[in-house]
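Trainee: This one is query_39.cif, mmCIF, C-alpha atoms.
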data_upload
#
loop_
_atom_site.label_atom_id
_atom_site.label_comp_id
_atom_site.auth_asym_id
_atom_site.auth_seq_id
_atom_site.Cartn_x
_atom_site.Cartn_y
_atom_site.Cartn_z
CA MET A 5 -13.31 -4.63 14.99
CA LYS A 6 -15.73 -1.94 16.07
CA ILE A 7 -14.88 1.77 16.08
CA ASN A 8 -17.08 3.64 18.55
CA ASP A 9 -15.46 7.07 18.35
CA PHE A 10 -12.86 8.93 16.32
CA PHE A 11 -10.41 11.79 16.69
CA LEU A 12 -8.86 13.76 13.82
CA PRO A 13 -5.72 15.47 15.17
CA THR A 14 -3.75 17.99 13.13
CA LYS A 15 -0.72 18.09 15.43
CA ILE A 16 1.47 15.20 16.54
CA SER A 17 1.32 16.42 20.13
CA GLU A 18 -2.51 16.24 20.04
CA ALA A 19 -2.41 12.73 18.62
CA TYR A 20 0.08 11.56 21.23
CA ALA A 21 -1.91 13.14 24.09
CA ARG A 22 -5.07 11.36 22.90
CA LEU A 23 -3.18 8.09 22.55
CA LYS A 24 -2.05 8.34 26.17
CA LYS A 25 -5.55 9.29 27.32
CA GLU A 26 -7.31 6.44 25.53
CA GLY A 27 -4.79 3.77 26.52
CA ASN A 28 -5.77 0.31 25.30
CA SER A 29 -8.92 1.56 23.59
CA ALA A 30 -6.91 3.78 21.19
CA TRP A 31 -6.66 2.63 17.59
CA LEU A 32 -4.00 4.49 15.60
CA MET A 33 -5.04 4.63 11.99
CA ALA A 34 -3.41 6.03 8.87
CA GLY A 35 -4.96 4.53 5.72
CA GLY A 36 -7.14 2.13 7.68
CA THR A 37 -7.33 -0.47 4.89
CA SER A 38 -6.20 -3.29 7.14
CA THR A 39 -8.76 -2.59 9.87
CA ALA A 40 -11.10 -5.20 8.41
CA PHE A 41 -8.49 -7.88 9.11
CA VAL A 42 -8.02 -7.07 12.78
CA LYS A 43 -9.97 -9.18 15.20
CA SER A 44 -10.76 -7.34 18.41
CA THR A 45 -13.83 -7.63 20.54
CA SER A 46 -13.42 -4.39 22.47
CA PRO A 47 -14.62 -1.14 20.82
CA LYS A 48 -11.88 1.32 19.89
CA THR A 49 -11.43 5.04 19.44
CA ALA A 50 -9.80 5.64 16.07
CA ILE A 51 -7.09 8.30 15.99
CA ASP A 52 -6.77 9.19 12.30
CA LEU A 53 -3.19 10.34 11.68
CA THR A 54 -3.63 11.38 8.05
CA ARG A 55 -4.10 15.05 8.87
CA LEU A 56 -0.70 15.27 10.58
CA PRO A 57 2.15 16.87 8.63
CA LEU A 58 3.80 13.50 8.01
CA ARG A 59 3.39 12.89 4.32
CA GLY A 60 6.40 14.18 2.39
CA ILE A 61 9.44 12.36 1.03
CA THR A 62 12.73 14.26 1.37
CA ARG A 63 16.07 13.39 -0.18
CA LYS A 64 18.98 13.66 2.27
CA SER A 65 22.67 13.07 1.57
CA ASP A 66 22.71 9.29 2.02
CA HIS A 67 19.07 8.45 2.66
CA PHE A 68 15.46 9.37 2.04
CA ARG A 69 13.21 10.52 4.86
CA ILE A 70 9.61 9.42 4.39
CA GLY A 71 6.72 10.73 6.46
CA ALA A 72 4.81 7.82 7.96
CA CYS A 73 1.56 9.00 6.34
CA ALA A 74 3.00 8.96 2.81
CA THR A 75 0.69 6.79 0.76
CA VAL A 76 1.91 3.81 -1.21
CA CYS A 77 0.95 5.80 -4.32
CA ASP A 78 3.28 8.63 -3.15
CA LEU A 79 6.09 6.05 -2.90
CA MET A 80 5.28 4.69 -6.35
CA GLU A 81 5.25 8.10 -8.01
CA TYR A 82 8.32 9.53 -6.28
CA LYS A 83 11.33 9.71 -8.58
CA ALA A 84 14.94 10.18 -7.48
CA GLU A 85 18.27 8.51 -8.09
CA GLY A 86 18.84 5.73 -5.58
CA TRP A 87 15.13 5.43 -4.69
CA VAL A 88 13.90 1.82 -4.72
CA LEU A 89 10.63 1.70 -2.80
CA ASP A 90 8.68 2.44 -6.00
CA ARG A 91 9.41 -1.17 -7.00
CA VAL A 92 7.72 -2.43 -3.85
CA ALA A 93 4.82 0.01 -4.24
CA ARG A 94 4.08 -1.12 -7.80
CA ARG A 95 3.40 -4.67 -6.61
CA PHE A 96 1.11 -3.48 -3.81
CA VAL A 97 -2.54 -4.63 -4.18
CA ASN A 98 -4.14 -2.15 -6.60
CA GLN A 99 -4.33 1.57 -7.32
CA HIS A 100 -7.29 2.18 -5.00
CA VAL A 101 -5.48 0.66 -2.06
CA ARG A 102 -2.16 2.29 -3.04
CA ASN A 103 -4.02 5.64 -2.98
CA ILE A 104 -5.00 5.30 0.66
CA SER A 105 -2.68 2.81 2.37
CA THR A 106 0.31 4.41 4.05
CA LEU A 107 3.87 3.28 4.60
CA GLY A 108 3.49 3.90 8.33
CA GLY A 109 0.35 1.80 8.48
CA ASN A 110 1.98 -1.05 6.58
CA ILE A 111 4.88 -1.29 9.01
CA SER A 112 3.20 -0.34 12.27
CA ARG A 113 0.99 -3.38 12.28
CA VAL A 114 2.69 -6.20 10.48
CA PHE A 115 0.57 -8.89 8.87
CA TYR A 116 2.22 -11.92 7.36
CA TRP A 117 1.49 -10.57 3.86
CA SER A 118 2.82 -7.05 4.52
CA ASP A 119 5.23 -5.92 1.80
CA PHE A 120 7.22 -2.98 3.14
CA PRO A 121 8.48 -4.62 6.35
CA VAL A 122 10.27 -7.18 4.18
CA ALA A 123 11.85 -4.46 2.02
CA LEU A 124 12.82 -2.42 5.07
CA ARG A 125 14.46 -5.39 6.74
CA ALA A 126 16.66 -5.81 3.69
CA LEU A 127 17.35 -2.08 3.39
CA GLU A 128 17.86 -1.66 7.16
CA GLY A 129 15.74 1.44 7.54
CA THR A 130 15.52 3.55 10.65
CA LEU A 131 12.29 4.60 12.30
CA THR A 132 11.68 7.83 14.20
CA MET A 133 8.94 7.41 16.74
CA ARG A 134 7.16 9.65 19.17
CA THR A 135 7.03 8.20 22.63
CA SER A 136 7.26 10.44 25.65
CA LYS A 137 10.18 11.93 23.71
CA GLU A 138 11.32 11.47 20.14
CA SER A 139 13.42 8.35 19.63
CA LYS A 140 15.18 6.73 16.68
CA VAL A 141 15.11 2.96 16.36
CA LYS A 142 16.67 0.64 13.81
CA ILE A 143 14.05 -1.32 11.95
CA SER A 144 15.41 -4.65 13.20
CA GLU A 145 15.14 -3.51 16.84
CA ALA A 146 11.70 -2.03 16.25
CA PHE A 147 10.40 -5.28 14.78
CA HIS A 148 11.99 -7.24 17.59
CA ASN A 149 10.02 -5.11 20.08
CA MET A 150 6.86 -5.42 17.99
CA LEU A 151 6.87 -9.18 18.31
CA ALA A 152 6.16 -8.79 21.99
CA HIS A 153 2.95 -6.93 21.10
CA ARG A 154 1.55 -9.31 18.50
CA GLY A 155 3.06 -7.53 15.53
CA ALA A 156 2.00 -3.99 16.40
CA PHE A 157 3.74 -0.97 17.90
CA LYS A 158 2.42 -0.03 21.29
CA ASP A 159 2.10 3.46 22.78
CA VAL A 160 4.17 5.10 20.06
CA ILE A 161 3.43 7.15 16.96
CA LEU A 162 5.67 6.40 14.02
CA GLU A 163 6.70 9.71 12.44
CA TYR A 164 9.41 9.07 9.84
CA ILE A 165 11.07 6.20 8.09
CA ASP A 166 14.61 6.67 6.79
CA VAL A 167 15.76 4.36 4.02
CA PRO A 168 19.22 4.36 2.44
CA ARG A 169 19.74 6.02 -0.92
CA LEU A 170 21.37 3.47 -3.18
CA THR A 171 24.59 4.65 -4.78
CA LYS A 172 27.05 3.08 -7.21
CA GLY A 173 27.92 -0.46 -6.19
CA MET A 174 24.61 -1.04 -4.39
CA GLY A 175 21.66 -3.05 -5.65
CA PHE A 176 18.15 -3.94 -4.52
CA GLY A 177 16.07 -6.92 -5.59
CA TYR A 178 12.40 -7.49 -4.87
CA SER A 179 10.39 -10.54 -5.79
CA LYS A 180 6.81 -11.20 -4.74
CA GLU A 181 4.48 -14.05 -5.63
CA THR A 182 0.70 -13.73 -5.62
CA ARG A 183 -2.04 -16.03 -6.87
CA THR A 184 -3.74 -13.16 -8.75
CA SER A 185 -2.56 -9.62 -9.41
CA GLU A 186 -4.37 -8.38 -6.32
CA GLY A 187 -4.01 -11.41 -4.09
CA PHE A 188 -2.15 -11.45 -0.84
CA SER A 189 1.48 -12.41 -1.15
CA THR A 190 2.36 -16.07 -0.85
CA ALA A 191 6.09 -15.32 -0.74
CA THR A 192 7.94 -12.00 -0.70
CA VAL A 193 11.72 -11.59 -0.80
CA ALA A 194 13.84 -8.42 -0.69
CA VAL A 195 17.61 -8.35 -1.13
CA PHE A 196 20.15 -5.60 -0.62
CA VAL A 197 23.66 -6.08 -2.00
CA LYS A 198 26.77 -3.91 -1.79
CA VAL A 199 29.68 -4.67 -4.08
CA ASP A 200 33.23 -3.55 -3.53
CA LYS A 201 35.97 -4.30 -6.10
CA GLY A 202 33.84 -6.98 -7.69
CA LEU A 203 33.11 -8.79 -4.42
CA ILE A 204 29.97 -8.79 -2.33
CA SER A 205 30.90 -6.81 0.77
CA ASP A 206 27.45 -6.60 2.33
CA VAL A 207 24.22 -8.47 1.71
CA ARG A 208 20.86 -8.67 3.46
CA ILE A 209 18.17 -11.14 2.46
CA ALA A 210 14.70 -10.84 3.99
CA ALA A 211 11.50 -12.76 3.38
CA GLY A 212 7.87 -12.48 4.40
CA SER A 213 4.50 -14.18 3.90
CA VAL A 214 6.08 -17.58 4.44
CA PHE A 215 6.63 -16.49 8.05
CA PRO A 216 4.26 -14.82 10.49
CA PHE A 217 6.83 -12.01 10.68
CA PRO A 218 9.58 -10.95 8.21
CA MET A 219 12.87 -12.77 8.74
CA ARG A 220 16.47 -12.40 7.62
CA PHE A 221 18.48 -15.36 6.31
CA LEU A 222 21.73 -14.75 8.14
CA LYS A 223 23.47 -17.98 7.06
CA MET A 224 22.75 -17.30 3.41
CA GLU A 225 24.06 -13.76 3.83
CA GLU A 226 27.22 -15.15 5.41
CA ALA A 227 27.66 -17.57 2.50
CA LEU A 228 27.49 -14.73 -0.05
CA THR A 229 29.70 -12.21 1.73
CA GLY A 230 33.12 -12.02 0.06
CA GLU A 231 31.94 -13.93 -3.01
CA LYS A 232 32.30 -12.68 -6.57
CA ALA A 233 29.41 -10.39 -7.47
CA GLU A 234 27.85 -12.40 -10.26
CA VAL A 235 24.57 -14.26 -10.61
CA GLY A 236 26.40 -17.58 -10.15
CA CYS A 237 27.02 -16.64 -6.51
CA ILE A 238 23.60 -18.16 -5.80
CA ARG A 239 25.32 -21.57 -6.02
CA LYS A 240 27.16 -20.73 -2.79
CA ILE A 241 23.89 -20.81 -0.87
CA ASP A 242 22.88 -24.04 0.79
CA PHE A 243 19.10 -23.90 0.45
CA LYS A 244 18.80 -26.84 2.83
CA ASP A 245 19.17 -24.06 5.40
CA LEU A 246 15.46 -23.40 4.79
CA ASP A 247 14.76 -26.64 6.72
CA ARG A 248 15.77 -24.83 9.90
CA TYR A 249 12.90 -22.35 9.58
CA ALA A 250 9.31 -22.91 10.62
CA LEU A 251 7.75 -21.91 7.32
CA THR A 252 4.01 -21.25 7.18
CA PRO A 253 2.77 -22.17 3.68
CA ARG A 254 -0.21 -20.10 2.49
CA GLU A 255 -3.35 -20.81 0.49
CA GLY A 256 -3.10 -24.58 0.31
CA MET A 257 0.61 -24.73 -0.56
CA THR A 258 2.52 -27.76 0.62
CA LEU A 259 5.67 -27.23 2.66
CA ASP A 260 7.79 -28.52 -0.23
CA TYR A 261 6.15 -26.12 -2.66
CA CYS A 262 6.65 -23.27 -0.19
CA LYS A 263 10.39 -24.08 0.11
CA HIS A 264 10.74 -24.32 -3.64
CA LEU A 265 8.91 -21.03 -4.18
CA LEU A 266 11.09 -19.33 -1.60
CA LYS A 267 14.22 -20.68 -3.27
CA VAL A 268 13.08 -19.22 -6.60
CA LYS A 269 12.18 -15.87 -5.05
CA ILE A 270 15.49 -15.63 -3.17
CA SER A 271 17.41 -16.46 -6.34
CA ASP A 272 15.42 -13.83 -8.29
CA GLY A 273 16.01 -11.20 -5.63
CA ILE A 274 19.75 -11.86 -5.47
CA ALA A 275 20.04 -11.86 -9.26
CA GLN A 276 18.26 -8.49 -9.51
CA ALA A 277 20.30 -6.93 -6.70
CA VAL A 278 23.64 -8.19 -8.01
CA ALA A 279 22.82 -7.07 -11.56
CA GLU A 280 21.99 -3.58 -10.35
CA ALA A 281 25.02 -3.37 -8.06
CA THR A 282 27.36 -4.37 -10.86
CA GLY A 283 25.82 -1.95 -13.33
CA GLY A 284 23.72 -4.44 -15.29
CA SER A 285 20.02 -4.08 -15.87
CA ARG A 286 17.73 -5.38 -13.18
CA MET B 10 -24.79 4.31 19.16
CA ASN B 11 -22.35 7.22 19.49
CA LYS B 12 -23.63 9.46 16.63
CA LYS B 13 -21.28 12.10 15.27
CA THR B 14 -21.60 14.77 12.62
CA ILE B 15 -19.13 15.14 9.79
CA SER B 16 -19.05 17.41 6.76
CA PHE B 17 -17.43 17.14 3.37
CA THR B 18 -17.87 18.32 -0.17
CA LEU B 19 -19.91 15.82 -2.14
CA ASN B 20 -20.15 16.30 -5.90
CA GLY B 21 -19.33 19.97 -5.48
CA GLU B 22 -21.81 20.67 -2.67
CA SER B 23 -20.93 21.13 0.97
CA ARG B 24 -22.88 18.51 2.97
CA GLU B 25 -23.29 17.46 6.60
CA PHE B 26 -24.02 13.91 7.69
CA ASP B 27 -24.77 12.19 10.97
CA ILE B 28 -22.74 9.01 11.11
CA ASP B 29 -22.02 6.01 13.26
CA PRO B 30 -18.21 6.07 13.82
CA ASN B 31 -18.04 2.46 12.64
CA GLU B 32 -19.83 3.20 9.36
CA ARG B 33 -18.03 2.95 6.03
CA LEU B 34 -18.27 5.67 3.39
CA LEU B 35 -20.02 3.21 1.07
CA GLY B 36 -22.89 2.73 3.53
CA LEU B 37 -23.18 6.45 4.20
CA LEU B 38 -23.41 7.30 0.50
CA ARG B 39 -25.95 4.61 -0.31
CA ARG B 40 -28.28 5.40 2.61
CA ASN B 41 -28.24 9.01 1.41
CA GLY B 42 -29.35 8.03 -2.08
CA PHE B 43 -26.02 7.84 -3.91
CA LYS B 44 -26.67 4.32 -5.14
CA GLY B 45 -24.38 4.46 -8.14
CA THR B 46 -21.71 3.50 -5.61
CA LYS B 47 -22.14 -0.27 -5.61
CA TYR B 48 -21.74 -2.95 -2.99
CA GLY B 49 -19.23 -5.54 -4.19
CA CYS B 50 -16.57 -7.51 -2.39
CA LEU B 51 -16.40 -5.21 0.68
CA GLU B 52 -12.66 -5.89 1.00
CA GLY B 53 -11.05 -3.59 -1.56
CA THR B 54 -10.68 -6.02 -4.42
CA CYS B 55 -13.43 -5.39 -6.99
CA GLY B 56 -13.67 -1.58 -7.24
CA ALA B 57 -17.49 -1.53 -7.60
CA CYS B 58 -17.66 0.99 -4.74
CA THR B 59 -15.03 3.36 -6.17
CA VAL B 60 -15.35 7.06 -5.39
CA ILE B 61 -12.85 9.88 -5.90
CA MET B 62 -11.59 11.41 -2.66
CA ASP B 63 -9.33 14.45 -2.93
CA GLY B 64 -8.59 13.53 -6.53
CA LYS B 65 -7.70 9.89 -5.90
CA ALA B 66 -9.81 6.82 -6.65
CA VAL B 67 -10.48 4.86 -3.47
CA ASP B 68 -12.67 1.95 -2.43
CA SER B 69 -15.44 3.41 -0.30
CA CYS B 70 -15.90 0.00 1.34
CA LEU B 71 -12.44 0.36 2.94
CA VAL B 72 -12.82 3.99 3.99
CA PHE B 73 -14.55 4.84 7.25
CA ALA B 74 -17.09 7.62 6.77
CA PHE B 75 -15.24 9.82 9.26
CA GLN B 76 -12.12 9.69 7.08
CA ALA B 77 -14.04 11.75 4.50
CA HIS B 78 -14.51 14.66 6.94
CA GLY B 79 -13.23 17.85 5.30
CA ARG B 80 -12.43 16.06 2.06
CA ASN B 81 -13.74 16.43 -1.47
CA VAL B 82 -15.69 13.36 -2.61
CA VAL B 83 -17.02 12.67 -6.10
CA THR B 84 -19.46 9.84 -6.87
CA ILE B 85 -20.79 8.74 -10.24
CA GLU B 86 -23.81 11.02 -9.67
CA GLY B 87 -21.37 13.95 -9.87
CA LEU B 88 -20.45 13.17 -13.46
CA GLY B 89 -22.66 13.08 -16.53
CA ASP B 90 -26.14 11.64 -16.90
CA ALA B 91 -28.01 9.74 -19.60
CA GLY B 92 -28.68 12.91 -21.59
CA THR B 93 -25.24 14.44 -21.23
CA PRO B 94 -22.73 11.68 -20.54
CA HIS B 95 -19.20 12.51 -19.42
CA GLU B 96 -16.61 11.90 -22.15
CA ILE B 97 -15.47 8.67 -20.41
CA GLN B 98 -19.06 7.40 -20.23
CA GLN B 99 -19.52 8.36 -23.90
CA ALA B 100 -16.40 6.43 -24.89
CA LEU B 101 -17.57 3.35 -22.97
CA ILE B 102 -20.91 3.51 -24.79
CA GLU B 103 -19.29 3.95 -28.20
CA GLU B 104 -16.90 1.05 -27.65
CA GLY B 105 -19.63 -1.27 -26.32
CA ALA B 106 -17.75 -1.59 -23.05
CA VAL B 107 -20.83 -2.01 -20.85
CA GLN B 108 -22.69 -5.27 -20.39
CA CYS B 109 -24.30 -5.83 -16.98
CA GLY B 110 -23.03 -2.38 -15.97
CA TYR B 111 -22.41 -3.18 -12.30
CA CYS B 112 -18.71 -2.34 -12.48
CA THR B 113 -19.18 0.67 -14.78
CA PRO B 114 -19.56 3.50 -12.21
CA GLY B 115 -16.32 2.36 -10.54
CA MET B 116 -14.55 2.05 -13.87
CA VAL B 117 -15.64 5.56 -14.88
CA LEU B 118 -14.45 7.10 -11.61
CA SER B 119 -11.08 5.32 -11.70
CA ALA B 120 -10.64 6.53 -15.26
CA LYS B 121 -11.67 10.08 -14.34
CA ALA B 122 -9.09 10.20 -11.53
CA MET B 123 -6.48 8.95 -14.00
CA PHE B 124 -7.34 11.38 -16.81
CA ASP B 125 -7.52 14.33 -14.40
CA GLU B 126 -3.96 13.52 -13.35
CA THR B 127 -2.64 12.32 -16.72
CA PRO B 128 -4.70 13.46 -19.73
CA THR B 129 -2.80 11.22 -22.17
CA PRO B 130 -1.77 8.15 -20.17
CA ASP B 131 0.55 5.50 -21.63
CA ASP B 132 -0.39 1.80 -21.46
CA GLU B 133 1.43 1.25 -18.18
CA THR B 134 -0.38 4.18 -16.54
CA ILE B 135 -3.76 2.87 -17.73
CA ARG B 136 -2.93 -0.61 -16.43
CA LEU B 137 -1.85 0.71 -13.03
CA HIS B 138 -4.81 3.08 -12.57
CA MET B 139 -7.44 0.58 -13.67
CA ASP B 140 -6.04 -2.47 -11.83
CA GLY B 141 -8.45 -2.01 -8.93
CA ASN B 142 -11.62 -2.54 -11.01
CA LEU B 143 -12.86 -5.98 -11.92
CA CYS B 144 -15.30 -6.64 -14.78
CA ARG B 145 -16.77 -10.10 -15.16
CA CYS B 146 -18.57 -9.46 -18.47
CA THR B 147 -16.45 -7.68 -21.02
CA GLY B 148 -13.01 -9.25 -20.76
CA TYR B 149 -11.58 -5.71 -20.50
CA GLU B 150 -10.75 -5.33 -24.22
CA LYS B 151 -13.51 -2.82 -24.91
CA ILE B 152 -12.88 -0.95 -21.66
CA TRP B 153 -9.25 -0.68 -22.72
CA SER B 154 -10.33 0.62 -26.15
CA ALA B 155 -12.51 3.25 -24.49
CA MET B 156 -9.58 4.46 -22.37
CA LYS B 157 -7.38 4.68 -25.46
CA LYS B 158 -10.14 6.58 -27.25
CA VAL B 159 -10.38 9.22 -24.51
CA SER B 160 -6.59 9.49 -24.42
CA ALA B 161 -6.45 9.94 -28.20
CA LYS B 162 -9.11 12.64 -27.97
CA HIS B 163 -7.00 14.52 -25.40
CA GLU B 164 -3.94 14.07 -27.57
CA ARG B 165 -5.78 15.80 -30.40
CA GLY B 166 -6.64 18.60 -28.00
CA GLY B 167 -10.25 17.57 -27.55
CA LYS B 168 -12.40 19.03 -24.78
CA ARG B 169 -11.99 17.37 -21.39
#
Write out the structure in this file as structure tokens.
Mentor:
Amino acid sequence: MKINDFFLPTKISEAYARLKKEGNSAWLMAGGTSTAFVKSTSPKTAIDLTRLPLRGITRKSDHFRIGACATVCDLMEYKAEGWVLDRVARRFVNQHVRNISTLGGNISRVFYWSDFPVALRALEGTLTMRTSKESKVKISEAFHNMLAHRGAFKDVILEYIDVPRLTKGMGFGYSKETRTSEGFSTATVAVFVKVDKGLISDVRIAAGSVFPFPMRFLKMEEALTGEKAEVGCIRKIDFKDLDRYALTPREGMTLDYCKHLLKVKISDGIAQAVAEATGGSR
Amino acid sequence: MNKKTISFTLNGESREFDIDPNERLLGLLRRNGFKGTKYGCLEGTCGACTVIMDGKAVDSCLVFAFQAHGRNVVTIEGLGDAGTPHEIQQALIEEGAVQCGYCTPGMVLSAKAMFDETPTPDDETIRLHMDGNLCRCTGYEKIWSAMKKVSAKHERGGKR
């Protein structure tokens, strides 16, 4: 993709005004590391959002509010009780890319290998976006709308991402497979579990890389809900359910290998999440 | 071509550059004589083109030149030289951690960003900060030893 002009706004209103002015030739950019992977024949005007005041991470009562321009390194280094995105950040490419890639960038233009959209589908984050007025959208709705625009937000600036703060009885599991330490993911799974009186009261299982867009496994979630919160609960899942999905194996994997890998990653993710939710080590 | 002018601090000096908006920082630096910043994979994997931008090691092949506007950039030319090597360069020499040398400028800059932030890094910190630099000659053992040597020097209160 060719950039033929750039704009460096310092206010969100300036960025939004320029976005409206440029229309289809606008290219919203935060870290910009994925630009090389975007195929577009028409030249674009880059609107670099990194000078906007959208970088901090704030702890609220039941969630964390993350500025869309927080880098992956910021997410990795942030420490607070109930914070889990550092686990996703640690598995993200390498330090150089973590230093410049942003959370907003990773979820505003979803590639099949993107890590954070998978985690946010499991955590059910909320996005605050600037359109003609500020609006809040659940991550699932936002991604649903994105699909209509080839995996990218259109005519909006993502400002904040809210993710739940995990408390007692909640657990998060994250399992990602790569060919090399820096390779693109071949399968990524994120699991959120809530346990009440020893039973799983809420569970969300999301996967990416094996799909063009992150998906939830609703039948598997249904099978686990109400079950005893122990690692053996995995036996309640009918993995034949994977046959219903149009999986897209990566890097020369066969479909069978892809299904097997996904089964392992899902099991790992559930085991980690259940262990954490029940007070064990993850 | 739609030429634009940007300015940033490069190795401690305020500089202005005319750029093509599509140009990467790597290309800008090299055509202005900063050739210690190496061409490598051009996709953010090898770290040969590492520079420090606002205190963080980044791949200059992934950064558009305009993203550096107003920032503080350090290249390998901003550190020591053959006569007066930086302490990281000195440690690499002493440990025999340089063979072909192509990856070395990137290694040094990643290490500098790490030591500036964490003067005595633990093993996990070294692994995380250096995971963006590939070396095809040394097998990393001697590079690792050099990092530990610098860390030990800081631990003893040595000059940074």
Trainee: Can you list what the PyMOL selection byres ((chain B) within 6 of (chain A)) grabs from this structure, as number ranges by chain?
Mentor: B: 30-31, 66-68, 71, 138, 140-141
Trainee: So how many Å separate atom CA of Ser154 of chain B and atom CA of Ala120 of chain B, to one decimal?
Mentor: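 Separation of atom CA of Ser154 of chain B and atom CA of Ala120 of chain B: 12.4 Å.
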Trainee: I'd like the contact shell of Leu246 of chain A - 9 Å cut-off, all atoms listed in the file, skipping same-chain residues fewer than 5 positions apart - returned as a list of chain:residue names.
Mentor: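 My reading of the contact set: A:Phe221, A:Leu251, A:Lys263, A:Leu266, A:Lys267.
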Trainee: Go through the shown structure with the PyMOL selection byres ((chain A and resi 58-61) around 12) and write out the matching residues as a PyMOL selection string.
Mentor: chain A and resi 14-16+34-35+53-57+62-64+67-84+87+89+104-108+132-133+161-167
Trainee: Would you compute the distance between atom CA of Ala279 of chain A and atom CA of Ser205 of chain A? Give it in Å to one decimal.
Mentor: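 Computing it gives 14.7 Å between the two atoms.
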Trainee: Would you pick out the contacts of segment 193-199 of chain A at 7 Å or less, using all atoms listed in the file, so that residues sharing its chain but fewer than 3 positions from it are not included, and give the list as an NGL selection string?
Mentor: :A and (122-123 or 126-127 or 173-180 or 202-212 or 233 or 269-270 or 273-274 or 277-278 or 281)
Trainee: Calculate how many Å separate atom CA of Lys65 of chain B from atom CA of Thr84 of chain B, rounding to one decimal.
Mentor: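 One can read the atom CA of Lys65 of chain B to atom CA of Thr84 of chain B distance as 11.8 Å.
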Trainee: Check the smallest atom-to-atom distance from each of B:Glu96, B:Glu126, B:Asp90, B:Glu104 to Asp63 of chain B using all atoms listed in the file, then report the winner.
Mentor: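 Smallest distance to Asp63 of chain B is found for B:Glu126.
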Trainee: Which centre and edge lengths in Å to one decimal define the box along x, y and z that fits every listed atom of segment 205-218 of chain A plus 3 Å per side, as AutoDock Vina command-line options?
Mentor:
--center_x 17.6 --center_y -12.1 --center_z 5.7 --size_x 32.6 --size_y 17.0 --size_z 15.9
